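Visitor: Supplied structure: target22.cif, mmCIF, C-alpha atoms.
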```cif
data_final
#
loop_
_atom_site.label_atom_id
_atom_site.label_comp_id
_atom_site.auth_asym_id
_atom_site.auth_seq_id
_atom_site.Cartn_x
_atom_site.Cartn_y
_atom_site.Cartn_z
CA MET A 1 -9.89 18.74 29.81
CA ARG A 2 -8.03 16.88 27.07
CA ALA A 3 -10.25 15.52 24.32
CA ILE A 4 -10.27 11.76 23.87
CA ARG A 5 -9.87 10.72 20.25
CA ALA A 6 -12.47 8.17 19.26
CA LEU A 7 -12.88 6.26 16.02
CA PHE A 8 -16.54 6.90 15.17
CA LEU A 9 -18.17 4.28 12.93
CA VAL A 10 -21.83 4.17 11.94
CA ASN A 11 -23.37 1.42 9.84
CA PRO A 12 -25.38 3.35 7.21
CA LYS A 13 -27.65 0.33 6.76
CA ALA A 14 -28.62 0.15 10.44
CA SER A 15 -32.36 0.53 10.98
CA ARG A 16 -31.87 3.74 13.03
CA ALA A 17 -28.73 5.05 11.32
CA GLU A 18 -30.24 8.51 10.75
CA THR A 19 -31.53 8.93 14.31
CA GLY A 20 -30.16 12.17 15.78
CA LEU A 21 -26.50 11.73 14.84
CA ASP A 22 -25.85 15.49 14.93
CA ALA A 23 -27.02 15.58 18.55
CA VAL A 24 -24.91 12.50 19.31
CA ILE A 25 -21.74 14.11 17.90
CA ARG A 26 -22.46 17.35 19.75
CA THR A 27 -22.87 15.42 23.02
CA LEU A 28 -19.57 13.61 22.47
CA ILE A 29 -17.63 16.79 21.63
CA GLU A 30 -19.10 18.71 24.57
CA GLY A 31 -18.10 15.81 26.81
CA GLY A 32 -14.47 15.87 25.69
CA VAL A 33 -14.64 13.13 23.04
CA GLU A 34 -13.23 14.00 19.62
CA PRO A 35 -14.89 11.75 16.99
CA VAL A 36 -12.65 10.71 14.10
CA ARG A 37 -14.84 9.75 11.14
CA PRO A 38 -12.94 7.83 8.42
CA LEU A 39 -14.03 6.97 4.90
CA ASN A 40 -16.30 3.94 4.59
CA ASP A 41 -14.59 0.56 4.76
CA ASP A 42 -14.99 -2.72 6.57
CA VAL A 43 -15.40 -2.01 10.30
CA ASP A 44 -12.77 -4.58 11.29
CA THR A 45 -10.24 -3.08 8.85
CA LEU A 46 -10.91 0.48 9.98
CA ILE A 47 -10.33 -0.35 13.65
CA ARG A 48 -6.96 -1.94 12.90
CA ARG A 49 -5.96 0.89 10.57
CA HIS A 50 -6.69 3.66 13.09
CA ALA A 51 -5.82 1.81 16.31
CA ALA A 52 -2.61 3.75 16.97
CA ALA A 53 -4.29 7.14 16.49
CA VAL A 54 -7.34 6.75 18.75
CA GLU A 55 -8.12 5.81 22.33
CA CYS A 56 -11.48 4.10 21.88
CA VAL A 57 -13.98 2.98 19.24
CA ILE A 58 -17.59 4.16 19.07
CA ILE A 59 -19.89 2.07 16.90
CA GLY A 60 -23.40 3.02 15.85
CA GLY A 61 -25.26 -0.01 14.58
CA GLY A 62 -26.77 -3.31 15.60
CA ASP A 63 -25.46 -6.60 16.89
CA GLY A 64 -24.22 -7.71 13.46
CA THR A 65 -22.01 -4.62 13.14
CA LEU A 66 -20.60 -5.16 16.64
CA ASN A 67 -19.96 -8.82 15.82
CA ARG A 68 -17.85 -7.86 12.79
CA ALA A 69 -15.81 -5.50 14.97
CA ALA A 70 -15.09 -8.07 17.70
CA PRO A 71 -11.81 -9.53 16.29
CA ALA A 72 -10.19 -6.11 15.90
CA LEU A 73 -11.41 -4.96 19.33
CA MET A 74 -9.77 -8.01 20.88
CA GLU A 75 -6.56 -7.51 18.93
CA THR A 76 -6.17 -3.78 19.63
CA GLY A 77 -7.55 -3.68 23.18
CA LEU A 78 -9.46 -0.47 22.39
CA PRO A 79 -12.53 0.17 24.59
CA LEU A 80 -15.91 0.06 22.84
CA GLY A 81 -18.68 2.63 23.03
CA ILE A 82 -22.07 1.50 21.70
CA LEU A 83 -24.79 3.58 20.06
CA PRO A 84 -27.76 1.17 19.69
CA LEU A 85 -28.95 1.95 16.16
CA GLY A 86 -29.85 -1.57 15.04
CA THR A 87 -33.03 -3.61 15.15
CA ALA A 88 -32.58 -5.93 18.13
CA ASN A 89 -29.68 -4.25 20.00
CA ASP A 90 -29.31 -7.26 22.28
CA LEU A 91 -25.82 -6.41 23.53
CA ALA A 92 -26.99 -2.90 24.44
CA ARG A 93 -29.95 -4.48 26.24
CA THR A 94 -27.65 -6.87 28.10
CA LEU A 95 -25.50 -3.92 29.23
CA GLU A 96 -28.63 -1.91 30.14
CA LEU A 97 -27.62 0.92 27.83
CA PRO A 98 -30.19 3.64 27.07
CA THR A 99 -32.10 3.09 23.84
CA ASP A 100 -31.83 6.79 22.97
CA PRO A 101 -28.53 7.35 21.06
CA VAL A 102 -27.87 10.71 22.76
CA GLU A 103 -28.26 9.14 26.21
CA ALA A 104 -26.01 6.27 25.09
CA ALA A 105 -23.42 8.88 24.03
CA ARG A 106 -23.55 10.31 27.55
CA VAL A 107 -22.63 6.88 28.91
CA ILE A 108 -19.48 7.04 26.77
CA VAL A 109 -18.71 10.57 27.98
CA ASP A 110 -19.06 9.42 31.61
CA GLY A 111 -16.14 7.06 30.95
CA ARG A 112 -17.20 4.14 33.15
CA MET A 113 -15.95 0.84 31.71
CA ARG A 114 -16.81 -2.82 32.18
CA ALA A 115 -14.76 -5.79 31.01
CA ILE A 116 -17.00 -8.40 29.40
CA ASP A 117 -16.54 -11.89 27.98
CA LEU A 118 -16.77 -12.99 24.39
CA GLY A 119 -17.90 -16.36 23.16
CA GLU A 120 -15.94 -18.05 20.38
CA VAL A 121 -16.94 -20.72 17.88
CA ASN A 122 -14.36 -22.23 15.50
CA GLY A 123 -12.16 -19.20 16.14
CA ARG A 124 -14.96 -16.68 15.44
CA PRO A 125 -15.84 -14.41 18.43
CA PHE A 126 -19.39 -13.37 19.31
CA PHE A 127 -20.99 -11.13 21.92
CA ASN A 128 -24.50 -12.52 22.43
CA VAL A 129 -25.23 -15.95 21.02
CA ALA A 130 -24.17 -18.53 18.45
CA SER A 131 -26.79 -20.99 17.27
CA LEU A 132 -27.78 -23.55 14.68
CA GLY A 133 -31.11 -24.80 13.44
CA MET A 134 -34.22 -22.63 13.25
CA SER A 135 -32.37 -19.41 14.14
CA VAL A 136 -30.10 -19.78 11.09
CA ASP A 137 -33.12 -19.96 8.79
CA LEU A 138 -34.48 -16.89 10.56
CA ALA A 139 -31.22 -14.97 10.06
CA LYS A 140 -31.14 -15.89 6.36
CA SER A 141 -34.74 -14.75 5.85
CA LEU A 142 -34.20 -11.29 7.38
CA ASP A 143 -32.68 -8.82 4.96
CA GLY A 144 -31.74 -5.24 5.74
CA GLY A 145 -34.88 -3.83 4.12
CA THR A 146 -37.18 -5.99 6.27
CA LYS A 147 -35.37 -4.96 9.45
CA LYS A 148 -35.43 -1.28 8.53
CA ARG A 149 -39.12 -1.33 7.62
CA TRP A 150 -40.51 -3.50 10.41
CA GLY A 151 -37.92 -3.26 13.19
CA ARG A 152 -38.19 -5.98 15.85
CA PHE A 153 -41.64 -6.88 14.48
CA GLY A 154 -39.77 -8.20 11.43
CA TYR A 155 -38.28 -10.95 13.62
CA ILE A 156 -41.78 -12.00 14.65
CA LEU A 157 -43.09 -12.03 11.08
CA ALA A 158 -40.15 -14.13 9.87
CA ALA A 159 -40.43 -16.52 12.83
CA LEU A 160 -44.14 -17.08 12.20
CA ARG A 161 -43.38 -18.06 8.61
CA LEU A 162 -40.68 -20.52 9.68
CA VAL A 163 -42.19 -22.08 12.76
CA ARG A 164 -44.80 -24.17 10.93
CA ARG A 165 -42.15 -26.14 9.03
CA LEU A 166 -39.87 -27.20 11.85
CA GLU A 167 -36.84 -29.20 10.76
CA ARG A 168 -35.34 -31.52 13.34
CA PHE A 169 -31.70 -32.54 13.07
CA THR A 170 -29.59 -35.11 14.89
CA ALA A 171 -26.88 -33.60 17.07
CA GLU A 172 -24.24 -34.71 19.57
CA ILE A 173 -23.32 -32.20 22.27
CA ARG A 174 -20.07 -32.84 24.16
CA ILE A 175 -19.80 -30.76 27.35
CA ASP A 176 -16.50 -29.92 29.04
CA ASP A 177 -17.44 -31.94 32.15
CA GLY A 178 -17.56 -35.16 30.12
CA ARG A 179 -21.32 -35.37 29.57
CA VAL A 180 -22.60 -36.20 26.09
CA ILE A 181 -26.13 -35.32 24.97
CA ARG A 182 -27.53 -36.90 21.81
CA GLY A 183 -30.91 -36.14 20.35
CA LYS A 184 -33.02 -34.51 17.64
CA SER A 185 -33.18 -30.77 18.02
CA ILE A 186 -34.80 -27.88 16.17
CA GLN A 187 -32.36 -25.35 17.63
CA ILE A 188 -29.19 -25.33 19.71
CA ALA A 189 -27.97 -22.03 21.13
CA VAL A 190 -24.76 -21.16 22.96
CA GLY A 191 -25.04 -17.84 24.76
CA ASN A 192 -22.39 -15.51 26.13
CA GLY A 193 -24.50 -12.47 27.02
CA ARG A 194 -28.00 -12.39 28.48
CA PHE A 195 -30.24 -11.38 25.56
CA TYR A 196 -30.53 -12.46 21.92
CA GLY A 197 -33.13 -12.52 19.15
CA GLY A 198 -34.71 -9.19 20.04
CA GLY A 199 -35.10 -9.73 23.78
CA MET A 200 -35.10 -13.48 24.41
CA ALA A 201 -33.06 -14.41 27.49
CA ILE A 202 -30.48 -17.18 27.12
CA ALA A 203 -30.84 -17.87 30.87
CA GLU A 204 -32.50 -15.86 33.61
CA ASP A 205 -29.24 -15.32 35.53
CA ALA A 206 -26.82 -15.08 32.58
CA ALA A 207 -24.32 -12.20 32.60
CA PRO A 208 -21.79 -11.02 30.01
CA ASP A 209 -18.92 -11.22 32.51
CA ASP A 210 -19.60 -14.45 34.41
CA GLY A 211 -16.94 -16.47 32.56
CA MET A 212 -19.51 -19.04 31.42
CA LEU A 213 -21.53 -20.08 28.37
CA ASP A 214 -25.24 -20.92 28.65
CA VAL A 215 -26.40 -23.64 26.26
CA TYR A 216 -29.80 -25.05 25.37
CA SER A 217 -31.20 -27.54 22.88
CA ILE A 218 -34.91 -27.59 21.98
CA GLU A 219 -36.21 -31.10 21.27
CA VAL A 220 -39.85 -30.81 20.21
CA ASP A 221 -41.77 -32.17 17.23
CA HIS A 222 -44.54 -29.59 16.77
CA TRP A 223 -44.64 -25.80 16.56
CA LEU A 224 -47.35 -25.64 19.26
CA TRP A 225 -44.67 -26.50 21.81
CA LEU A 226 -42.88 -23.26 20.92
CA ALA A 227 -46.05 -21.25 21.48
CA LEU A 228 -46.39 -22.79 24.94
CA MET A 229 -42.71 -22.21 25.74
CA TYR A 230 -42.52 -18.63 24.47
CA PRO A 231 -43.03 -16.90 27.84
CA SER A 232 -40.32 -19.12 29.34
CA PHE A 233 -37.86 -18.14 26.61
CA ARG A 234 -38.58 -14.45 27.17
CA ALA A 235 -37.79 -14.90 30.87
CA GLY A 236 -34.85 -17.28 30.39
CA ARG A 237 -36.62 -20.11 32.23
CA HIS A 238 -36.91 -22.55 29.33
CA GLY A 239 -34.53 -24.99 31.05
CA ARG A 240 -37.41 -25.99 33.33
CA TRP A 241 -39.12 -27.77 30.43
CA ASP A 242 -38.38 -31.48 29.96
CA GLU A 243 -38.19 -30.87 26.19
CA VAL A 244 -35.25 -28.47 26.60
CA HIS A 245 -31.73 -29.50 27.60
CA ALA A 246 -30.10 -26.50 29.31
CA PHE A 247 -26.72 -26.28 31.01
CA ARG A 248 -23.77 -23.99 31.77
CA CYS A 249 -20.14 -24.63 30.80
CA ARG A 250 -16.89 -23.03 29.69
CA SER A 251 -16.54 -25.02 26.48
CA VAL A 252 -18.68 -27.34 24.39
CA GLU A 253 -18.50 -29.15 21.05
CA ILE A 254 -21.47 -29.76 18.75
CA ARG A 255 -21.43 -32.31 15.93
CA THR A 256 -24.16 -33.02 13.38
CA ARG A 257 -24.57 -35.73 10.72
CA ARG A 258 -23.94 -33.23 7.96
CA PRO A 259 -22.41 -29.74 8.22
CA ARG A 260 -24.93 -27.19 9.44
CA ASP A 261 -24.52 -23.41 9.35
CA VAL A 262 -23.85 -21.58 12.62
CA ASN A 263 -25.02 -18.02 13.11
CA THR A 264 -23.16 -15.64 15.44
CA ASP A 265 -25.06 -12.54 16.59
CA GLY A 266 -27.37 -12.83 13.58
CA GLU A 267 -24.68 -13.42 10.93
CA VAL A 268 -23.94 -16.86 9.43
CA THR A 269 -20.17 -17.22 9.94
CA THR A 270 -19.21 -20.89 10.33
CA HIS A 271 -20.63 -24.44 10.41
CA THR A 272 -20.54 -27.71 12.33
CA PRO A 273 -18.56 -29.44 13.67
CA ALA A 274 -18.38 -26.47 16.01
CA LYS A 275 -16.15 -25.96 19.05
CA PHE A 276 -17.24 -23.24 21.46
CA ARG A 277 -15.40 -21.63 24.35
CA VAL A 278 -15.66 -18.52 26.51
CA LEU A 279 -13.01 -15.78 26.35
CA PRO A 280 -13.17 -14.13 29.80
CA LYS A 281 -12.95 -10.33 30.05
CA ALA A 282 -11.91 -10.09 26.39
CA VAL A 283 -13.31 -6.61 25.62
CA ARG A 284 -13.87 -3.40 27.58
CA VAL A 285 -17.10 -1.51 26.96
CA PHE A 286 -18.44 1.83 28.18
CA SER A 287 -21.26 0.93 30.54
CA PRO A 288 -23.78 2.48 32.91
CA PRO A 289 -23.33 1.68 36.62
CA PHE A 290 -23.99 -2.01 37.26
CA ASP A 291 -24.19 -4.34 40.25
CA PRO A 292 -21.27 -6.83 39.98
CA ARG A 293 -22.87 -9.22 42.45
CA PRO A 294 -24.38 -12.35 40.87
CA ALA A 295 -28.12 -12.52 40.60
CA PRO A 296 -29.83 -14.61 43.30
CA PRO A 297 -30.97 -18.08 42.21
CA ALA A 298 -34.51 -18.28 40.89
CA ALA A 299 -37.13 -19.69 43.21
CA GLY A 300 -37.87 -23.37 42.70
#
```
Can the structure from this file be put into structure tokens for me?
Guide:
Amino acid sequence: MRAIRALFLVNPKASRAETGLDAVIRTLIEGGVEPVRPLNDDVDTLIRRHAAAVECVIIGGGDGTLNRAAPALMETGLPLGILPLGTANDLARTLELPTDPVEAARVIVDGRMRAIDLGEVNGRPFFNVASLGMSVDLAKSLDGGTKKRWGRFGYILAALRLVRRLERFTAEIRIDDGRVIRGKSIQIAVGNGRFYGGGMAIAEDAAPDDGMLDVYSIEVDHWLWLALMYPSFRAGRHGRWDEVHAFRCRSVEIRTRRPRDVNTDGEVTTHTPAKFRVLPKAVRVFSPPFDPRPAPPAAG
């Protein structure tokens, strides 16, 4: 069997970067994948530089590392293999990848691929979610050391510190069907995948290949509302609350009174005014078997 040459990139700052990499490489080689490990450089630059010499890209890291690779993956068309070595690993969760890196390597060896969508905001692609408001403050407060020390619990600690000083902002949301929503929000999120923020669901039936964006805006004036809504956000059923505007679209524009930062997959990358759209089937990823049928509608 001919070995497949794979560009093998690991973020050394990922919270689980030292987790069994020797066993991962051995699994890849035994499965006919030849890892090419270049010198350290920006992940986006490395993919472009080695695109002609490899047949796929394997990235060990978290959602932020994958986000930085997205432009080059789109440009080169190289398939993506994911080793979930980060803190939240929301894209891996969306794709139902094994949490164990060796088992995730076996998914790559199996060679089954799935074409998934990307979201885009102001020309910047993202896998999971782009958001503004409270989530941006959360992203800014989480440094690499906190993530590495506390893991997903670090998200909870940071959120608890932020939630008591909610900042509402005025926003105008223009949906592609002509609707306009105006109000005071604490957070607006535009999701492409299913999971974000360490396991929150953007919508209970969201999928990374449904050709749609799922959007919500939280309009509350006290942190106690968030405590009450938390189980709904974990299940993706927050749209049932009157205090949450939730809808599905292919494109949307968000304007605020003053420019506000927008975070994509945990990294602050642009600001409002922000134009979002879905990029259908933009990237191929190595994936476990999945059921392509849409999920049934939720009861009620």
Visitor: Residue by residue, what does the PyMOL selection byres ((chain A and resi 56) around 12) grab here? Present the result as a VMD selection string.
Guide: chain A and resid 3 to 9 33 to 36 47 to 48 50 to 55 57 to 59 72 to 73 76 to 82 108 to 109 111 113 283 to 286
Visitor: What is the distance, in Å and to one decimal place, between CA of Met212 (chain A) and CA of Gly239 (chain A)?
Guide: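 One can read the CA of Met212 (chain A) to CA of Gly239 (chain A) distance as 16.2 Å.
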Visitor: When the PyMOL selection byres ((chain A and resi 232-235) around 8) is applied to the file above, which residues end up in the set, as an NGL selection string?
Guide: :A and (199-204 or 229-231 or 236-238)
Visitor: Give the answer as one residue: which of A:Arg260, A:Arg240, A:His222, A:Arg255 has the shortest atom-to-atom distance to Arg174 (chain A), using all atoms listed in the file?
Guide: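 Residue with the minimum atom-to-atom distance to Arg174 (chain A): A:Arg255.
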Visitor: Quick one: distance from CA of Phe247 (chain A) to CA of Asn67 (chain A) in Å, one decimal?
Guide: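 It comes out at 24.1 Å.
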Visitor: So the first atom is CA of Arg16 (chain A) and the second is CA of Asp100 (chain A); what is the distance between them in Å, to one decimal place?
Guide: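 Interatomic distance, CA of Arg16 (chain A) to CA of Asp100 (chain A): 10.4 Å.
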Visitor: Could you pull the residues within 7 Å of Val43 (chain A), counting all atoms listed in the file, minus those fewer than 3 positions along the same chain, as an MDAnalysis selection string?
Guide: chainID A and resid 46:47 68:69
Visitor: Given all atoms listed in the file as the basis, pick out the residue of A:Val24, A:Ala246, A:Leu91, A:Leu66 nearest to Asp42 (chain A).
Guide: A:Leu66
Visitor: Closest to Glu96 (chain A) among A:Ile188, A:Pro84, A:Val252, A:Glu120, using all atoms listed in the file?
Guide: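 Closest residue, counting all atoms listed in the file: A:Pro84.
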Visitor: Which residues would end up in the selection if the PyMOL selection byres ((chain A and resi 21) around 12) were applied here, given that I need the answer as a PDB file with C-alpha atoms, keeping the file's coordinate frame?
Guide:
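This went into part.pdb:
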```
ATOM      1  CA  PHE A   8     -16.540   6.900  15.170  1.00  0.00           C
ATOM      2  CA  LEU A   9     -18.170   4.280  12.930  1.00  0.00           C
ATOM      3  CA  VAL A  10     -21.830   4.170  11.940  1.00  0.00           C
ATOM      4  CA  ASN A  11     -23.370   1.420   9.840  1.00  0.00           C
ATOM      5  CA  PRO A  12     -25.380   3.350   7.210  1.00  0.00           C
ATOM      6  CA  ARG A  16     -31.870   3.740  13.030  1.00  0.00           C
ATOM      7  CA  ALA A  17     -28.730   5.050  11.320  1.00  0.00           C
ATOM      8  CA  GLU A  18     -30.240   8.510  10.750  1.00  0.00           C
ATOM      9  CA  THR A  19     -31.530   8.930  14.310  1.00  0.00           C
ATOM     10  CA  GLY A  20     -30.160  12.170  15.780  1.00  0.00           C
ATOM     11  CA  ASP A  22     -25.850  15.490  14.930  1.00  0.00           C
ATOM     12  CA  ALA A  23     -27.020  15.580  18.550  1.00  0.00           C
ATOM     13  CA  VAL A  24     -24.910  12.500  19.310  1.00  0.00           C
ATOM     14  CA  ILE A  25     -21.740  14.110  17.900  1.00  0.00           C
ATOM     15  CA  ARG A  26     -22.460  17.350  19.750  1.00  0.00           C
ATOM     16  CA  THR A  27     -22.870  15.420  23.020  1.00  0.00           C
ATOM     17  CA  LEU A  28     -19.570  13.610  22.470  1.00  0.00           C
ATOM     18  CA  PRO A  35     -14.890  11.750  16.990  1.00  0.00           C
ATOM     19  CA  ILE A  59     -19.890   2.070  16.900  1.00  0.00           C
ATOM     20  CA  GLY A  60     -23.400   3.020  15.850  1.00  0.00           C
ATOM     21  CA  GLY A  61     -25.260  -0.010  14.580  1.00  0.00           C
ATOM     22  CA  LEU A  83     -24.790   3.580  20.060  1.00  0.00           C
ATOM     23  CA  PRO A  84     -27.760   1.170  19.690  1.00  0.00           C
ATOM     24  CA  LEU A  85     -28.950   1.950  16.160  1.00  0.00           C
ATOM     25  CA  ASP A 100     -31.830   6.790  22.970  1.00  0.00           C
ATOM     26  CA  PRO A 101     -28.530   7.350  21.060  1.00  0.00           C
ATOM     27  CA  VAL A 102     -27.870  10.710  22.760  1.00  0.00           C
ATOM     28  CA  GLU A 103     -28.260   9.140  26.210  1.00  0.00           C
ATOM     29  CA  ALA A 104     -26.010   6.270  25.090  1.00  0.00           C
ATOM     30  CA  ALA A 105     -23.420   8.880  24.030  1.00  0.00           C
TER      31      ALA A 105
END
```
Visitor: For Cys249 (chain A), which residue out of A:Ala227, A:Gly191, A:Gly32, A:Thr264 is the nearest one, using only C-alpha atoms?
Guide: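 Of A:Ala227, A:Gly191, A:Gly32, A:Thr264, the one nearest Cys249 (chain A) is A:Gly191, counting only C-alpha atoms.
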Visitor: Which of these residues is nearest to Trp225 (chain A), using all atoms listed in the file: A:Val268, A:Leu166, A:Asp44, A:Gly183?
Guide: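 Smallest separation from Trp225 (chain A) among the options: A:Leu166.
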Visitor: Nearest to Tyr196 (chain A): which of A:Glu172, A:Pro208, A:Leu226, A:Asp41 is it, counting all atoms listed in the file?
Guide: A:Pro208
Visitor: Which residues come within 6 Å of Asn128 (chain A), counting only C-alpha atoms, excluding same-chain residues fewer than 2 positions away, as a list in words?
Guide: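 Within the cut-off, the hits are Gly191, Asn192, Gly193 and Asp265 of chain A.
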